[in-house]
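Colleague: Dumping the structure here so I can ask a few things about it.
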Amino acid sequence: MSTEQNASASIVSTAGLAPLLTVLIWSGNTVVTKASAGLISPGSISFYRWLLAFLVLMPFVGRAAWRNRSLLRQHWLKLATLGALGMVIYQSLAYEAAKTTSAVNMGVTIALMPLLSTVLAGLLAGEKLTVASLAGGTISLIGLVYLTSQGDPMRLVNGGFHIGDGLMIIAVLSNALYGVMLRRWAMPLPMWQQLFWQIGFSTLLLIPIFLMGDISPITTANLPLILYAAIPTSLLAPLCWMIGIQRLGASRTSLLINLLPIVVAALAWALLGEQLHSYHAIGGALALIGVGLGLHKLRAKNDPADDESWETEEA
């Protein structure tokens, strides 16, 4: 194997672990949310999770972030926009979409994210549109359509188009745009501080949504759900996703989200006793092939600036 191939494989194996951890955390959150349905309203958990995440980060990152407030003044609009795209619009619209569309349609719409990210990355972030990335996204999309439609794609046509489907398209486009703009807007702030300010702005933006919706109090029943959503899902997962985007690019990182339905199906089988069927295996296999194909052509050169951008500042 050549030196270039070894370098490429090394980058994929190390940089790919970060967004893969994000997918695992999001998958666990999906299962936890299903198991805890009805315990807390969507607007309340959205607000509580980001507020708690901000408060948890405060003692560790707040002082360093305040010392860099001059950089915040320069980049606050970008940080606020990123927070709105990835933490407010996407998640709020997804919760709202669930009221008027099916889980099947939502799953297929989410599967569009890698292709949208690939196209947007080429148009806005200067990432090269390769045959491998486009083919990988397409194959994964076919696999996930087969998986989420339970082996009968005509279910998607027969179900009709709902308001929730339109909301999900906007939500997925927002999240894809988040990844692309994060890559394009390289800011001289450590990654933890970028995450801290994005969460801060997101919390502020969620206040009116929280106040105008059904306010659910925090109880012993929903507290574990809030804690899981606030700590691993709102802190560790976004950080790992940001690292993945910086190292792999938006289009390749987004491909890994196609592993989410596979992991969720496995967790639902193991933890909730749900049955697995042949369409899970066929659709999941196609999704895995697409992800592998899209990541295969990862360039060997690793930009030193990426290493610098996500390092945390010393205490």
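Following the order of the structure tokens, first chain is A, next is B, and so on, with residues numbered from 1 inside each chain and ligands from 1 in the order they appear.
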Find the spatial neighbours of range 209-214 of chain A, counting only C-alpha atoms, within a cut-off of 10 Å - ignore same-chain residues fewer than 3 positions away - and output them as a list in words.
Modeller: Ile40, Ser41, Pro42, Gly43, Ser44, Ile45, Ser46, Phe47, Tyr48, Val88, Ser92, Thr203, Leu204, Leu205, Leu206 and Pro217 of chain A
Colleague: Those same residues, written as a PDB file, in the first residue's frame with N, CA, C and O atoms?
Modeller:
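Full text of result_1.pdb as output:
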ATOM      1  N   ILE A  40     -42.545  15.287  28.235  1.00  0.00           N
ATOM      2  CA  ILE A  40     -42.136  16.694  28.182  1.00  0.00           C
ATOM      3  C   ILE A  40     -42.420  17.237  26.784  1.00  0.00           C
ATOM      4  O   ILE A  40     -42.291  16.517  25.792  1.00  0.00           O
ATOM      5  N   SER A  41     -42.822  18.505  26.702  1.00  0.00           N
ATOM      6  CA  SER A  41     -43.149  19.097  25.405  1.00  0.00           C
ATOM      7  C   SER A  41     -41.870  19.405  24.623  1.00  0.00           C
ATOM      8  O   SER A  41     -40.809  19.646  25.215  1.00  0.00           O
ATOM      9  N   PRO A  42     -41.942  19.411  23.282  1.00  0.00           N
ATOM     10  CA  PRO A  42     -40.763  19.672  22.458  1.00  0.00           C
ATOM     11  C   PRO A  42     -40.103  21.023  22.752  1.00  0.00           C
ATOM     12  O   PRO A  42     -38.879  21.124  22.824  1.00  0.00           O
ATOM     13  N   GLY A  43     -40.925  22.079  22.907  1.00  0.00           N
ATOM     14  CA  GLY A  43     -40.361  23.399  23.177  1.00  0.00           C
ATOM     15  C   GLY A  43     -39.632  23.460  24.505  1.00  0.00           C
ATOM     16  O   GLY A  43     -38.593  24.117  24.629  1.00  0.00           O
ATOM     17  N   SER A  44     -40.154  22.755  25.493  1.00  0.00           N
ATOM     18  CA  SER A  44     -39.535  22.770  26.813  1.00  0.00           C
ATOM     19  C   SER A  44     -38.198  22.034  26.816  1.00  0.00           C
ATOM     20  O   SER A  44     -37.202  22.532  27.341  1.00  0.00           O
ATOM     21  N   ILE A  45     -38.152  20.849  26.200  1.00  0.00           N
ATOM     22  CA  ILE A  45     -36.899  20.103  26.220  1.00  0.00           C
ATOM     23  C   ILE A  45     -35.832  20.808  25.376  1.00  0.00           C
ATOM     24  O   ILE A  45     -34.645  20.775  25.705  1.00  0.00           O
ATOM     25  N   SER A  46     -36.254  21.464  24.297  1.00  0.00           N
ATOM     26  CA  SER A  46     -35.288  22.207  23.484  1.00  0.00           C
ATOM     27  C   SER A  46     -34.637  23.315  24.303  1.00  0.00           C
ATOM     28  O   SER A  46     -33.413  23.498  24.267  1.00  0.00           O
ATOM     29  N   PHE A  47     -35.473  24.061  25.033  1.00  0.00           N
ATOM     30  CA  PHE A  47     -34.941  25.168  25.837  1.00  0.00           C
ATOM     31  C   PHE A  47     -34.129  24.658  27.012  1.00  0.00           C
ATOM     32  O   PHE A  47     -33.017  25.128  27.259  1.00  0.00           O
ATOM     33  N   TYR A  48     -34.654  23.690  27.750  1.00  0.00           N
ATOM     34  CA  TYR A  48     -33.956  23.176  28.933  1.00  0.00           C
ATOM     35  C   TYR A  48     -32.588  22.601  28.572  1.00  0.00           C
ATOM     36  O   TYR A  48     -31.600  22.807  29.270  1.00  0.00           O
ATOM     37  N   VAL A  88     -31.338  25.602  16.544  1.00  0.00           N
ATOM     38  CA  VAL A  88     -32.693  26.129  16.748  1.00  0.00           C
ATOM     39  C   VAL A  88     -33.615  25.715  15.597  1.00  0.00           C
ATOM     40  O   VAL A  88     -34.603  25.007  15.806  1.00  0.00           O
ATOM     41  N   SER A  92     -36.090  22.538  16.133  1.00  0.00           N
ATOM     42  CA  SER A  92     -37.449  23.027  16.380  1.00  0.00           C
ATOM     43  C   SER A  92     -38.405  22.601  15.258  1.00  0.00           C
ATOM     44  O   SER A  92     -39.532  22.165  15.511  1.00  0.00           O
ATOM     45  N   THR A 203     -29.781  29.491  23.005  1.00  0.00           N
ATOM     46  CA  THR A 203     -30.640  29.575  24.188  1.00  0.00           C
ATOM     47  C   THR A 203     -31.479  30.845  24.160  1.00  0.00           C
ATOM     48  O   THR A 203     -32.681  30.827  24.460  1.00  0.00           O
ATOM     49  N   LEU A 204     -30.860  31.957  23.793  1.00  0.00           N
ATOM     50  CA  LEU A 204     -31.597  33.221  23.693  1.00  0.00           C
ATOM     51  C   LEU A 204     -32.693  33.139  22.639  1.00  0.00           C
ATOM     52  O   LEU A 204     -33.825  33.603  22.851  1.00  0.00           O
ATOM     53  N   LEU A 205     -32.370  32.532  21.494  1.00  0.00           N
ATOM     54  CA  LEU A 205     -33.350  32.430  20.411  1.00  0.00           C
ATOM     55  C   LEU A 205     -34.506  31.502  20.762  1.00  0.00           C
ATOM     56  O   LEU A 205     -35.614  31.636  20.225  1.00  0.00           O
ATOM     57  N   LEU A 206     -34.267  30.555  21.667  1.00  0.00           N
ATOM     58  CA  LEU A 206     -35.303  29.594  22.042  1.00  0.00           C
ATOM     59  C   LEU A 206     -36.250  30.110  23.126  1.00  0.00           C
ATOM     60  O   LEU A 206     -37.295  29.498  23.367  1.00  0.00           O
ATOM     61  N   PRO A 217     -43.011  21.363  33.275  1.00  0.00           N
ATOM     62  CA  PRO A 217     -42.084  21.481  34.405  1.00  0.00           C
ATOM     63  C   PRO A 217     -41.088  20.324  34.411  1.00  0.00           C
ATOM     64  O   PRO A 217     -41.351  19.253  33.838  1.00  0.00           O
TER      65      PRO A 217
END
Colleague: Name all residues at most 12 Å from Leu112 in chain A (count only C-alpha atoms; drop same-chain ones fewer than 4 positions away) and give them as a VMD selection string.
Modeller: chain A and resid 105 to 108 116 to 119 134 136 to 145 168 to 176 251 254 to 255 257 to 258
Colleague: Check the smallest atom-to-atom distance from each of A:Leu167, A:Ala186, A:Leu259, A:Leu93 to Gln246 in chain A using only C-alpha atoms, then report the winner.
Modeller: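 The answer is A:Ala186, which sits nearest to Gln246 in chain A.
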Colleague: Can you work out the spacing between CA of Ile231 in chain A and CA of Val56 in chain A in Å, to one decimal?
Modeller: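 Answer for the CA of Ile231 in chain A to CA of Val56 in chain A separation: 8.2 Å.
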Colleague: Do you have the CA of Val23 in chain A-CA of Ile245 in chain A distance handy?
Modeller: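 According to the coordinates, CA of Val23 in chain A and CA of Ile245 in chain A are separated by 13.4 Å.
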Colleague: Counting only C-alpha atoms, which of A:Thr81, A:Ser27, A:Arg49, A:Leu71 gets nearest to Met181 in chain A?
Modeller: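 Among the listed residues, the smallest separation from Met181 in chain A belongs to A:Thr81.
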Colleague: Identify which of the residues A:Leu39, A:Ala53, A:Ile218, A:Val131 lies closest to Pro232 in chain A, counting only C-alpha atoms when measuring atom-to-atom distances.
Modeller: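 Once distances to Pro232 in chain A are computed over only C-alpha atoms, the minimum belongs to A:Ala53.
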Colleague: Pick from A:Gln193, A:Ser216, A:Gln198, A:Ser278: nearest to Arg63 in chain A, with only C-alpha atoms counted?
Modeller: A:Gln193
Colleague: Tell me which of A:Leu248, A:Val180, A:Phe201, A:Ser234 sits closest to Gln91 in chain A, counting only C-alpha atoms.
Modeller: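 Looking at the shortest contact to Gln91 in chain A, the residue is A:Ser234.
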Colleague: Quick one: residues within 9 Å of Ala237 in chain A, only C-alpha atoms, excluding same-chain residues fewer than 2 positions away - as an MDAnalysis selection string?
Modeller: chainID A and resid 18:19 21:26 231:235 239:242
Colleague: Would you put the residues from that selection into a file with C-alpha atoms, as a short mmCIF file (atom, residue, chain, number, x, y, z; two decimals), in the first residue's frame?
Modeller:
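Final file, part21.cif:
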data_model
loop_
_atom_site.label_atom_id
_atom_site.label_comp_id
_atom_site.auth_asym_id
_atom_site.auth_seq_id
_atom_site.Cartn_x
_atom_site.Cartn_y
_atom_site.Cartn_z
CA ALA A 18 -15.57 12.08 16.07
CA PRO A 19 -18.70 12.34 13.85
CA LEU A 21 -19.54 9.23 18.06
CA THR A 22 -22.05 11.98 17.28
CA VAL A 23 -24.19 9.51 15.31
CA LEU A 24 -24.08 7.03 18.20
CA ILE A 25 -25.16 9.72 20.68
CA TRP A 26 -27.96 10.95 18.40
CA ILE A 231 -24.87 16.72 28.21
CA PRO A 232 -23.94 14.11 25.58
CA THR A 233 -26.44 15.22 22.93
CA SER A 234 -25.98 19.00 23.24
CA LEU A 235 -22.31 19.20 24.25
CA LEU A 239 -18.34 19.23 19.34
CA CYS A 240 -17.54 15.91 17.64
CA TRP A 241 -19.64 16.95 14.62
CA MET A 242 -17.75 20.24 14.36
#
Colleague: For the structure I just gave you, how does DSSP split range 12-240 of chain A - specifically, which residues are helix (DSSP H, G or I)? Reply as a PyMOL selection string.
Modeller: chain A and resi 12-15+17-35+42-67+69-97+103-110+113-124+131-148+154-158+163-184+191-212+223-230+232-240
